[in-house]
Structures are given as C-alpha cells and as structure tokens.
Amino acid sequence: MSNDMGHSRKQADAVSARTQTDVAAFLAAGTVEPSRVTLRAITAGDQDEFLDLTAASVDLHGPRMSYPTTPAEFDAFLARFDHVTMQGLLICLRESGAIAGTVNLNSIIRGRFQNASLGYAAFSPTAGRGYMTEGLRQVIGYAFEHLRLHRLEAQIQPGNHASLKLVQRLGFRYEGTSPDLLFIAGAWRDHECWALTNAMVAPGPWPAHPTQPAH
Ligand SMILES: CC(C)(COP(=O)(O)OP(=O)(O)OC[C@H]1O[C@@H](n2cnc3c(N)ncnc32)[C@H](O)[C@@H]1OP(=O)(O)O)[C@@H](O)C(=O)NCCC(=O)NCCS
C-alpha cells in the first residue's frame, strides 16, 4: 500500500469511527423495533465483501447506479464520506453480519434546512426480502432521533418501481417531479422527489439540532 493510500485509509477509518459512534449510540437508545437487520458505518475493511456484492449485483443495479467495482473506486467512494455532510452506512443481517444493503446520507445540510438526501441499494443475494425496508426504517430513526435532521429526501427515476415501492412503504410523500435533475448513465434524467419529515414519524418530535435557529 502506498503512503498516499495508507493516509486516505487512515482518514476513512477516522470518519467511519465517528459515524459508528453515532450509530452505536442510536442503537443503544433502544428505540429500534426488533429486526432481522442492523446498521453500521461502512469501513475500509468492507472492501472485499462490498466489491464482491457490487459484482454480483450488476443486473439489479443496472446503468443508473455507480457503486465501486475496483479497490481504487472503493477508496474514492469512502473518501467522499466526511461524517458531517455525508455518511456511509451498511444494512447488515443480524444473524450472520453479512452486508445486505448500502445507504448514503448525502448532502447533509444544517441550519434552516436540516435535510439529507438518501442514496441506497440492495445487493442481489439478499434483495427482495424486506431487508432494505427494515434497514431504512432504522436509518430514518437514526437521522431524526440521533442526527436531529428534519427531512429526508429521495430522488427516484419514474421507472424505478422497486425504489418507488420502497419509499411508499416507508411513508415518504411525493412532492413533485424535477425535470433533468441528475446526470445518470449519460443523460440528464427526470426524478420524482419523495420526502419524509420528522413530524410524519411517531413518536417525535425530538429536540432541534443545535444549528437550527430558534426563530
Ligand atoms: C430499490 C431497492 C433498494 C429495493 O430493494 P428491495 O430488496 O426490493 O427492498 P426490500 O428489502 O424492502 O424488499 C421488498 C420486497 O421484498 C418482499 N419481501 C419478501 N419477504 C419479505 C419480508 N419478510 N418482509 C418484508 N418484505 C418482504 C416484499 O414483498 C417486497 O417485494 P415487492 O417490492 O415485489 O412487493 C433495490 O431494488 C435496488 O437496489 N435497486 C437498484 C438500486 C436503486 O435503484 N436504488 C435506488 C435509487 S433511487
């Protein structure tokens, strides 16, 4: 491993540790319903399992997803997480610890917004069994109860039926369609915007994040 790579791995480990401290504190609070899955921060040590799973999930992910397929891409993926504006989480099977899905909290903005944008994918070996629904319920709890966010959004292409079903199961509401929102697979694509606020989720409300203005 080159010095540069060693340095970036150390940084990634430090970010993962910060995120894992928060996730562990949320899970220890005991508000999560009994579940077949649990959450944890993604780490550099997940590289081999993650790359095996992305390779096995090419058909499921299709051209619209761009998860890493090589060690260098995995390093670049991890380097995007800084804990403050972007966090990388994994949904893992409780029994075996195997990774069932990946969830990013992207574009975390504080102040008057208190919002994050969700990115997520299942992996083929465990897709279609409800693990993403259970795992994302925990992500929602973590985002609202622990991170004190006010709103989570998901931008979904109109033809992505599995993803649309998933957010509807989770209680998100349709807010409208943004034309040409994201550059995906070589073109600017329309996306439906689906969002959930903490007021839509029992048993809130929780105290506001310290960066939220009083007025
Ligand atoms: C979108 C995506 C994450 C959904 O993943 P998923 O595995 O279908 O989601 P779940 O784990 O919640 O599984 C739900 C399915 O499992 C079924 N299921 C089977 N056993 C179940 C159980 N015990 N409990 C709940 N659901 C169960 C559900 O009926 C549901 O099937 P349906 O959608 O045909 O009704 C997945 O299709 C994916 O990775 N797509 C490619 C990436 C992508 O598009 N990401 C989102 C970009 S916006």
# chains A, B, ... in the order shown; residues from 1 in each chain; ligands from 1
$ select_by_dssp --residues "range 26-142 of chain A" --states "alpha helix (DSSP H)" --output "ChimeraX atom specification"
/A:26-28,47-56,58-61,71-79,131-141
$ write_last_selection --atoms "N, CA, C and O atoms" --output "CSV table (one decimal), in the first residue's frame"
chain,number,residue,atom,x,y,z
A,26,PHE,N,-27.2,5.6,18.8
A,26,PHE,CA,-28.6,5.5,18.4
A,26,PHE,C,-29.2,4.1,18.7
A,26,PHE,O,-30.3,4.0,19.3
A,27,LEU,N,-28.4,3.0,18.3
A,27,LEU,CA,-29.0,1.7,18.5
A,27,LEU,C,-29.1,1.4,20.0
A,27,LEU,O,-30.0,0.7,20.5
A,28,ALA,N,-28.1,1.9,20.8
A,28,ALA,CA,-28.2,1.6,22.3
A,28,ALA,C,-29.3,2.3,22.9
A,28,ALA,O,-29.7,1.9,24.0
A,47,GLN,N,-14.1,-3.6,2.1
A,47,GLN,CA,-13.8,-3.5,0.6
A,47,GLN,C,-14.1,-4.8,-0.1
A,47,GLN,O,-14.9,-4.8,-1.1
A,48,ASP,N,-13.5,-5.9,0.4
A,48,ASP,CA,-13.7,-7.2,-0.5
A,48,ASP,C,-15.1,-7.6,-0.5
A,48,ASP,O,-15.6,-8.0,-1.6
A,49,GLU,N,-15.8,-7.6,0.6
A,49,GLU,CA,-17.2,-8.1,0.6
A,49,GLU,C,-18.1,-7.1,-0.3
A,49,GLU,O,-18.9,-7.6,-1.1
A,50,PHE,N,-17.8,-5.8,-0.1
A,50,PHE,CA,-18.6,-4.8,-0.9
A,50,PHE,C,-18.4,-5.0,-2.4
A,50,PHE,O,-19.3,-5.0,-3.2
A,51,LEU,N,-17.1,-5.2,-2.8
A,51,LEU,CA,-16.8,-5.3,-4.3
A,51,LEU,C,-17.4,-6.7,-4.8
A,51,LEU,O,-17.9,-6.7,-5.9
A,52,ASP,N,-17.3,-7.7,-4.0
A,52,ASP,CA,-18.0,-9.0,-4.4
A,52,ASP,C,-19.5,-8.8,-4.6
A,52,ASP,O,-20.1,-9.3,-5.6
A,53,LEU,N,-20.1,-8.0,-3.7
A,53,LEU,CA,-21.5,-7.8,-3.8
A,53,LEU,C,-21.9,-6.9,-5.0
A,53,LEU,O,-22.9,-7.1,-5.7
A,54,THR,N,-21.1,-5.8,-5.3
A,54,THR,CA,-21.4,-5.0,-6.4
A,54,THR,C,-21.3,-5.8,-7.7
A,54,THR,O,-22.1,-5.7,-8.6
A,55,ALA,N,-20.2,-6.7,-7.7
A,55,ALA,CA,-20.1,-7.5,-8.9
A,55,ALA,C,-21.2,-8.4,-9.1
A,55,ALA,O,-21.7,-8.7,-10.2
A,56,ALA,N,-21.8,-9.0,-8.0
A,56,ALA,CA,-22.9,-9.9,-8.1
A,56,ALA,C,-24.2,-9.2,-8.4
A,56,ALA,O,-25.2,-9.8,-8.7
A,58,VAL,N,-24.8,-6.5,-10.6
A,58,VAL,CA,-24.7,-5.7,-11.9
A,58,VAL,C,-26.1,-5.6,-12.5
A,58,VAL,O,-26.6,-4.5,-12.9
A,59,ASP,N,-26.8,-6.7,-12.6
A,59,ASP,CA,-28.2,-6.7,-13.2
A,59,ASP,C,-29.2,-5.9,-12.4
A,59,ASP,O,-30.0,-5.2,-12.9
A,60,LEU,N,-29.1,-6.1,-11.0
A,60,LEU,CA,-30.0,-5.4,-10.2
A,60,LEU,C,-29.8,-3.9,-10.2
A,60,LEU,O,-30.7,-3.1,-10.3
A,61,HIS,N,-28.5,-3.5,-10.2
A,61,HIS,CA,-28.2,-2.0,-10.1
A,61,HIS,C,-28.4,-1.4,-11.5
A,61,HIS,O,-28.7,-0.2,-11.5
A,71,PRO,N,-10.8,-1.8,-6.2
A,71,PRO,CA,-10.3,-1.2,-4.9
A,71,PRO,C,-10.1,0.3,-5.0
A,71,PRO,O,-10.4,1.0,-4.0
A,72,ALA,N,-9.6,0.8,-6.1
A,72,ALA,CA,-9.4,2.2,-6.2
A,72,ALA,C,-10.7,3.0,-6.1
A,72,ALA,O,-10.8,4.0,-5.5
A,73,GLU,N,-11.7,2.5,-6.8
A,73,GLU,CA,-13.1,3.1,-6.8
A,73,GLU,C,-13.6,3.0,-5.4
A,73,GLU,O,-14.3,3.9,-4.9
A,74,PHE,N,-13.4,1.9,-4.7
A,74,PHE,CA,-13.9,1.8,-3.3
A,74,PHE,C,-13.2,2.8,-2.4
A,74,PHE,O,-13.9,3.5,-1.6
A,75,ASP,N,-11.9,3.1,-2.6
A,75,ASP,CA,-11.2,4.1,-1.8
A,75,ASP,C,-11.8,5.5,-2.1
A,75,ASP,O,-12.1,6.3,-1.2
A,76,ALA,N,-12.1,5.7,-3.4
A,76,ALA,CA,-12.7,7.0,-3.7
A,76,ALA,C,-14.1,7.2,-3.2
A,76,ALA,O,-14.5,8.3,-2.7
A,77,PHE,N,-14.8,6.1,-3.1
A,77,PHE,CA,-16.2,6.1,-2.6
A,77,PHE,C,-16.1,6.4,-1.1
A,77,PHE,O,-16.8,7.3,-0.6
A,78,LEU,N,-15.2,5.8,-0.3
A,78,LEU,CA,-15.1,6.0,1.1
A,78,LEU,C,-14.6,7.5,1.4
A,78,LEU,O,-15.0,8.1,2.3
A,79,ALA,N,-13.7,8.0,0.5
A,79,ALA,CA,-13.2,9.3,0.7
A,79,ALA,C,-14.2,10.4,0.6
A,79,ALA,O,-14.0,11.5,1.0
A,131,TYR,N,-35.3,-6.7,3.7
A,131,TYR,CA,-34.2,-6.2,4.5
A,131,TYR,C,-34.0,-4.7,4.3
A,131,TYR,O,-33.6,-3.9,5.2
A,132,MET,N,-34.2,-4.2,3.1
A,132,MET,CA,-34.0,-2.7,2.8
A,132,MET,C,-35.0,-1.9,3.6
A,132,MET,O,-34.8,-0.9,4.2
A,133,THR,N,-36.3,-2.4,3.6
A,133,THR,CA,-37.3,-1.7,4.3
A,133,THR,C,-37.0,-1.6,5.8
A,133,THR,O,-37.1,-0.6,6.4
A,134,GLU,N,-36.6,-2.8,6.4
A,134,GLU,CA,-36.3,-2.8,7.8
A,134,GLU,C,-35.1,-1.9,8.1
A,134,GLU,O,-35.0,-1.2,9.1
A,135,GLY,N,-34.0,-2.0,7.2
A,135,GLY,CA,-32.8,-1.2,7.5
A,135,GLY,C,-33.1,0.3,7.3
A,135,GLY,O,-32.6,1.1,8.1
A,136,LEU,N,-33.8,0.6,6.3
A,136,LEU,CA,-34.1,2.1,6.1
A,136,LEU,C,-35.0,2.6,7.2
A,136,LEU,O,-34.8,3.8,7.5
A,137,ARG,N,-35.8,1.8,7.8
A,137,ARG,CA,-36.6,2.3,9.0
A,137,ARG,C,-35.6,2.7,10.1
A,137,ARG,O,-35.8,3.7,10.8
A,138,GLN,N,-34.5,1.9,10.2
A,138,GLN,CA,-33.6,2.3,11.2
A,138,GLN,C,-32.8,3.5,10.8
A,138,GLN,O,-32.5,4.4,11.7
A,139,VAL,N,-32.5,3.6,9.5
A,139,VAL,CA,-31.8,4.9,9.1
A,139,VAL,C,-32.6,6.1,9.4
A,139,VAL,O,-32.1,7.1,9.8
A,140,ILE,N,-33.9,6.0,9.1
A,140,ILE,CA,-34.9,7.1,9.4
A,140,ILE,C,-34.8,7.5,10.9
A,140,ILE,O,-34.7,8.6,11.2
A,141,GLY,N,-34.9,6.4,11.7
A,141,GLY,CA,-34.8,6.7,13.2
A,141,GLY,C,-33.5,7.4,13.5
A,141,GLY,O,-33.5,8.3,14.3
$ closest_atom_pairs --of "chain A" --to "ligand 1" --cutoff "7 Å" --atoms "only C-alpha atoms and all ligand atoms" --output "JSON lines"
{"residue": "A:Leu60", "atom": "CA", "partner": "ligand 1", "partner_atom_place_in_ligand_line": "41 (C)", "distance": 5.4}
{"residue": "A:His61", "atom": "CA", "partner": "ligand 1", "partner_atom_place_in_ligand_line": "41 (C)", "distance": 4.1}
{"residue": "A:Gly62", "atom": "CA", "partner": "ligand 1", "partner_atom_place_in_ligand_line": "41 (C)", "distance": 7.0}
{"residue": "A:Met65", "atom": "CA", "partner": "ligand 1", "partner_atom_place_in_ligand_line": "42 (C)", "distance": 6.2}
{"residue": "A:Gly119", "atom": "CA", "partner": "ligand 1", "partner_atom_place_in_ligand_line": "47 (C)", "distance": 6.2}
{"residue": "A:Tyr120", "atom": "CA", "partner": "ligand 1", "partner_atom_place_in_ligand_line": "45 (N)", "distance": 5.0}
{"residue": "A:Ala121", "atom": "CA", "partner": "ligand 1", "partner_atom_place_in_ligand_line": "39 (O)", "distance": 3.4}
{"residue": "A:Ala122", "atom": "CA", "partner": "ligand 1", "partner_atom_place_in_ligand_line": "39 (O)", "distance": 3.7}
{"residue": "A:Phe123", "atom": "CA", "partner": "ligand 1", "partner_atom_place_in_ligand_line": "39 (O)", "distance": 6.1}
{"residue": "A:Thr126", "atom": "CA", "partner": "ligand 1", "partner_atom_place_in_ligand_line": "7 (O)", "distance": 6.8}
{"residue": "A:Ala127", "atom": "CA", "partner": "ligand 1", "partner_atom_place_in_ligand_line": "7 (O)", "distance": 3.5}
{"residue": "A:Gly128", "atom": "CA", "partner": "ligand 1", "partner_atom_place_in_ligand_line": "16 (O)", "distance": 3.5}
{"residue": "A:Arg129", "atom": "CA", "partner": "ligand 1", "partner_atom_place_in_ligand_line": "19 (C)", "distance": 3.5}
{"residue": "A:Gly130", "atom": "CA", "partner": "ligand 1", "partner_atom_place_in_ligand_line": "11 (O)", "distance": 3.3}
{"residue": "A:Tyr131", "atom": "CA", "partner": "ligand 1", "partner_atom_place_in_ligand_line": "11 (O)", "distance": 3.8}
{"residue": "A:Met132", "atom": "CA", "partner": "ligand 1", "partner_atom_place_in_ligand_line": "11 (O)", "distance": 3.6}
{"residue": "A:Thr133", "atom": "CA", "partner": "ligand 1", "partner_atom_place_in_ligand_line": "12 (O)", "distance": 3.7}
{"residue": "A:Glu134", "atom": "CA", "partner": "ligand 1", "partner_atom_place_in_ligand_line": "12 (O)", "distance": 6.8}
{"residue": "A:Ala154", "atom": "CA", "partner": "ligand 1", "partner_atom_place_in_ligand_line": "48 (S)", "distance": 6.4}
{"residue": "A:Gln155", "atom": "CA", "partner": "ligand 1", "partner_atom_place_in_ligand_line": "48 (S)", "distance": 5.7}
{"residue": "A:Ile156", "atom": "CA", "partner": "ligand 1", "partner_atom_place_in_ligand_line": "48 (S)", "distance": 4.2}
{"residue": "A:Gln157", "atom": "CA", "partner": "ligand 1", "partner_atom_place_in_ligand_line": "48 (S)", "distance": 6.6}
{"residue": "A:Asn160", "atom": "CA", "partner": "ligand 1", "partner_atom_place_in_ligand_line": "44 (O)", "distance": 6.1}
{"residue": "A:Ala162", "atom": "CA", "partner": "ligand 1", "partner_atom_place_in_ligand_line": "1 (C)", "distance": 4.7}
{"residue": "A:Ser163", "atom": "CA", "partner": "ligand 1", "partner_atom_place_in_ligand_line": "1 (C)", "distance": 3.6}
{"residue": "A:Lys165", "atom": "CA", "partner": "ligand 1", "partner_atom_place_in_ligand_line": "33 (O)", "distance": 6.0}
{"residue": "A:Leu166", "atom": "CA", "partner": "ligand 1", "partner_atom_place_in_ligand_line": "12 (O)", "distance": 5.9}
$ write_last_selection --atoms "N, CA and C atoms" --output "JSON list (two decimals), in the first residue's frame"
[["chain", "number", "residue", "atom", "x", "y", "z"],
["A", 60, "LEU", "N", -29.11, -6.09, -11.04],
["A", 60, "LEU", "CA", -30.05, -5.37, -10.16],
["A", 60, "LEU", "C", -29.79, -3.87, -10.22],
["A", 61, "HIS", "N", -28.54, -3.47, -10.17],
["A", 61, "HIS", "CA", -28.22, -2.04, -10.12],
["A", 61, "HIS", "C", -28.37, -1.35, -11.47],
["A", 62, "GLY", "N", -28.09, -2.08, -12.54],
["A", 62, "GLY", "CA", -28.25, -1.51, -13.87],
["A", 62, "GLY", "C", -27.36, -0.30, -14.08],
["A", 65, "MET", "N", -26.87, 3.01, -11.38],
["A", 65, "MET", "CA", -26.07, 3.08, -10.15],
["A", 65, "MET", "C", -24.60, 3.04, -10.51],
["A", 119, "GLY", "N", -29.28, 7.93, -0.61],
["A", 119, "GLY", "CA", -28.90, 7.06, -1.72],
["A", 119, "GLY", "C", -28.83, 5.64, -1.17],
["A", 120, "TYR", "N", -29.36, 4.67, -1.91],
["A", 120, "TYR", "CA", -29.39, 3.32, -1.34],
["A", 120, "TYR", "C", -29.43, 2.26, -2.44],
["A", 121, "ALA", "N", -28.98, 1.09, -2.07],
["A", 121, "ALA", "CA", -29.13, -0.06, -2.97],
["A", 121, "ALA", "C", -29.09, -1.34, -2.15],
["A", 122, "ALA", "N", -29.88, -2.31, -2.61],
["A", 122, "ALA", "CA", -29.79, -3.67, -2.07],
["A", 122, "ALA", "C", -28.69, -4.39, -2.85],
["A", 123, "PHE", "N", -28.34, -5.59, -2.43],
["A", 123, "PHE", "CA", -27.43, -6.43, -3.20],
["A", 123, "PHE", "C", -28.16, -7.72, -3.57],
["A", 126, "THR", "N", -29.42, -10.85, -1.39],
["A", 126, "THR", "CA", -30.42, -10.71, -0.32],
["A", 126, "THR", "C", -31.54, -9.73, -0.69],
["A", 127, "ALA", "N", -31.63, -9.32, -1.98],
["A", 127, "ALA", "CA", -32.66, -8.35, -2.37],
["A", 127, "ALA", "C", -34.04, -8.99, -2.35],
["A", 128, "GLY", "N", -35.06, -8.14, -2.19],
["A", 128, "GLY", "CA", -36.44, -8.60, -2.31],
["A", 128, "GLY", "C", -36.92, -9.43, -1.14],
["A", 129, "ARG", "N", -36.33, -9.22, 0.02],
["A", 129, "ARG", "CA", -36.75, -9.97, 1.22],
["A", 129, "ARG", "C", -37.16, -9.05, 2.36],
["A", 130, "GLY", "N", -37.25, -7.76, 2.08],
["A", 130, "GLY", "CA", -37.68, -6.82, 3.10],
["A", 130, "GLY", "C", -36.55, -6.25, 3.94],
["A", 131, "TYR", "N", -35.32, -6.66, 3.66],
["A", 131, "TYR", "CA", -34.20, -6.17, 4.49],
["A", 131, "TYR", "C", -33.98, -4.66, 4.30],
["A", 132, "MET", "N", -34.17, -4.16, 3.07],
["A", 132, "MET", "CA", -33.97, -2.72, 2.84],
["A", 132, "MET", "C", -35.03, -1.91, 3.58],
["A", 133, "THR", "N", -36.26, -2.41, 3.56],
["A", 133, "THR", "CA", -37.33, -1.71, 4.28],
["A", 133, "THR", "C", -36.99, -1.62, 5.77],
["A", 134, "GLU", "N", -36.60, -2.77, 6.35],
["A", 134, "GLU", "CA", -36.26, -2.78, 7.79],
["A", 134, "GLU", "C", -35.05, -1.90, 8.08],
["A", 154, "ALA", "N", -35.60, 11.49, -1.19],
["A", 154, "ALA", "CA", -35.06, 10.51, -2.14],
["A", 154, "ALA", "C", -35.50, 10.94, -3.53],
["A", 155, "GLN", "N", -34.53, 11.01, -4.44],
["A", 155, "GLN", "CA", -34.85, 11.35, -5.84],
["A", 155, "GLN", "C", -34.84, 10.07, -6.65],
["A", 156, "ILE", "N", -35.95, 9.78, -7.29],
["A", 156, "ILE", "CA", -36.12, 8.46, -7.91],
["A", 156, "ILE", "C", -36.61, 8.62, -9.35],
["A", 157, "GLN", "N", -35.99, 7.89, -10.26],
["A", 157, "GLN", "CA", -36.45, 7.95, -11.65],
["A", 157, "GLN", "C", -37.83, 7.29, -11.77],
["A", 160, "ASN", "N", -38.30, 3.51, -11.86],
["A", 160, "ASN", "CA", -37.65, 2.66, -10.84],
["A", 160, "ASN", "C", -38.70, 2.17, -9.83],
["A", 162, "ALA", "N", -39.16, -0.56, -8.04],
["A", 162, "ALA", "CA", -38.78, -1.15, -6.74],
["A", 162, "ALA", "C", -38.47, -0.04, -5.74],
["A", 163, "SER", "N", -37.80, 1.00, -6.20],
["A", 163, "SER", "CA", -37.44, 2.10, -5.29],
["A", 163, "SER", "C", -38.67, 2.92, -4.91],
["A", 165, "LYS", "N", -41.71, 1.76, -4.73],
["A", 165, "LYS", "CA", -42.48, 0.96, -3.76],
["A", 165, "LYS", "C", -41.85, 1.06, -2.38],
["A", 166, "LEU", "N", -40.51, 1.04, -2.36],
["A", 166, "LEU", "CA", -39.79, 1.07, -1.08],
["A", 166, "LEU", "C", -40.10, 2.36, -0.31]]
$ atom_distance --atom1 "CA of Arg64 in chain A" --atom2 "CA of Leu152 in chain A"
20.8 Å
$ closest_residue --among "A:Ile42, A:Ala202, A:Val32, A:Leu164" --to "Ala14 in chain A" --atoms "only C-alpha atoms"
A:Ile42
$ residues_around --residues "Arg173 in chain A" --least-positions-apart "4" --cutoff "7 Å" --atoms "only C-alpha atoms" --output "list in words"
Trp194, Ala195 and Leu196 of chain A
$ write_last_selection --atoms "all heavy atoms" --output "mmCIF file, in the first residue's frame"
data_model
loop_
_atom_site.group_PDB
_atom_site.id
_atom_site.type_symbol
_atom_site.label_atom_id
_atom_site.label_comp_id
_atom_site.auth_asym_id
_atom_site.auth_seq_id
_atom_site.Cartn_x
_atom_site.Cartn_y
_atom_site.Cartn_z
ATOM 1 N N TRP A 194 -39.346 12.374 -3.440
ATOM 2 C CA TRP A 194 -40.132 11.808 -2.333
ATOM 3 C C TRP A 194 -39.452 12.222 -1.028
ATOM 4 O O TRP A 194 -38.220 12.189 -0.937
ATOM 5 C CB TRP A 194 -40.180 10.277 -2.428
ATOM 6 C CG TRP A 194 -41.048 9.807 -3.557
ATOM 7 C CD1 TRP A 194 -40.724 9.781 -4.888
ATOM 8 C CD2 TRP A 194 -42.386 9.317 -3.473
ATOM 9 N NE1 TRP A 194 -41.773 9.299 -5.629
ATOM 10 C CE2 TRP A 194 -42.806 9.003 -4.783
ATOM 11 C CE3 TRP A 194 -43.268 9.101 -2.419
ATOM 12 C CZ2 TRP A 194 -44.076 8.489 -5.054
ATOM 13 C CZ3 TRP A 194 -44.535 8.586 -2.685
ATOM 14 C CH2 TRP A 194 -44.925 8.282 -3.992
ATOM 15 N N ALA A 195 -40.224 12.633 -0.025
ATOM 16 C CA ALA A 195 -39.601 13.115 1.214
ATOM 17 C C ALA A 195 -40.406 12.703 2.437
ATOM 18 O O ALA A 195 -41.609 12.392 2.361
ATOM 19 C CB ALA A 195 -39.460 14.628 1.169
ATOM 20 N N LEU A 196 -39.707 12.686 3.553
ATOM 21 C CA LEU A 196 -40.296 12.346 4.852
ATOM 22 C C LEU A 196 -39.780 13.381 5.838
ATOM 23 O O LEU A 196 -38.569 13.655 5.860
ATOM 24 C CB LEU A 196 -39.795 10.954 5.257
ATOM 25 C CG LEU A 196 -40.382 10.272 6.478
ATOM 26 C CD1 LEU A 196 -41.825 9.846 6.207
ATOM 27 C CD2 LEU A 196 -39.551 9.038 6.845
#
$ residues_around --residues "Glu153 in chain A" --least-positions-apart "2" --cutoff "12 Å" --atoms "only C-alpha atoms" --output "number ranges by chain"
A: 104-108, 113-120, 140, 143, 149-151, 155-156, 167, 170-176, 191-198
$ atom_distance --atom1 "CA of Lys10 in chain A" --atom2 "CA of Ser96 in chain A"
26.8 Å
$ atom_distance --atom1 "CA of Leu90 in chain A" --atom2 "CA of His161 in chain A"
22.3 Å
$ select_by_dssp --residues "range 1-213 of chain A" --states "strand (DSSP E)" --output "VMD selection string"
chain A and resid 37 to 41 87 to 93 99 to 109 115 to 122 151 to 156 173 to 184 187 to 197
$ write_last_selection --atoms "C-alpha atoms" --output "tab-separated table (two decimals), in the first residue's frame"
chain	number	residue	atom	x	y	z
A	37	VAL	CA	-31.02	-6.41	10.24
A	38	THR	CA	-28.83	-3.89	11.95
A	39	LEU	CA	-26.94	-0.75	10.91
A	40	ARG	CA	-23.28	0.12	10.99
A	41	ALA	CA	-20.85	2.55	9.37
A	87	GLN	CA	-22.28	9.44	5.92
A	88	GLY	CA	-21.91	5.89	4.61
A	89	LEU	CA	-23.97	3.18	6.29
A	90	LEU	CA	-24.46	-0.54	5.76
A	91	ILE	CA	-27.53	-2.64	6.43
A	92	CYS	CA	-26.29	-6.00	7.73
A	93	LEU	CA	-28.04	-9.25	8.56
A	99	ILE	CA	-23.94	-6.91	4.15
A	100	ALA	CA	-27.47	-6.71	2.69
A	101	GLY	CA	-27.56	-3.11	1.52
A	102	THR	CA	-25.77	0.20	1.37
A	103	VAL	CA	-27.24	3.58	2.34
A	104	ASN	CA	-25.67	7.01	2.00
A	105	LEU	CA	-26.89	10.08	3.82
A	106	ASN	CA	-25.82	12.61	1.19
A	107	SER	CA	-25.78	16.41	1.24
A	108	ILE	CA	-26.49	16.81	4.95
A	109	ILE	CA	-27.31	20.50	5.37
A	115	ASN	CA	-32.06	17.87	5.44
A	116	ALA	CA	-30.28	14.91	3.86
A	117	SER	CA	-30.66	13.14	0.55
A	118	LEU	CA	-30.80	9.33	0.64
A	119	GLY	CA	-28.90	7.06	-1.72
A	120	TYR	CA	-29.39	3.32	-1.34
A	121	ALA	CA	-29.13	-0.06	-2.97
A	122	ALA	CA	-29.79	-3.67	-2.07
A	151	ARG	CA	-36.28	15.96	6.49
A	152	LEU	CA	-35.03	13.08	4.34
A	153	GLU	CA	-35.50	13.08	0.60
A	154	ALA	CA	-35.06	10.51	-2.14
A	155	GLN	CA	-34.85	11.35	-5.84
A	156	ILE	CA	-36.12	8.46	-7.91
A	173	ARG	CA	-44.74	11.55	0.33
A	174	TYR	CA	-44.48	12.52	-3.31
A	175	GLU	CA	-43.52	16.18	-3.66
A	176	GLY	CA	-43.26	16.52	-7.42
A	177	THR	CA	-41.04	15.71	-10.37
A	178	SER	CA	-37.85	17.64	-11.15
A	179	PRO	CA	-37.05	17.62	-14.88
A	180	ASP	CA	-33.44	16.85	-15.84
A	181	LEU	CA	-32.40	16.66	-12.18
A	182	LEU	CA	-29.42	14.27	-12.17
A	183	PHE	CA	-26.86	13.17	-14.77
A	184	ILE	CA	-27.21	9.39	-14.85
A	187	ALA	CA	-28.08	11.87	-19.76
A	188	TRP	CA	-29.92	14.33	-17.51
A	189	ARG	CA	-32.83	12.39	-16.07
A	190	ASP	CA	-36.15	13.49	-14.61
A	191	HIS	CA	-36.59	12.39	-10.99
A	192	GLU	CA	-39.57	12.14	-8.67
A	193	CYS	CA	-38.87	13.79	-5.33
A	194	TRP	CA	-40.13	11.81	-2.33
A	195	ALA	CA	-39.60	13.11	1.21
A	196	LEU	CA	-40.30	12.35	4.85
A	197	THR	CA	-40.19	14.90	7.68
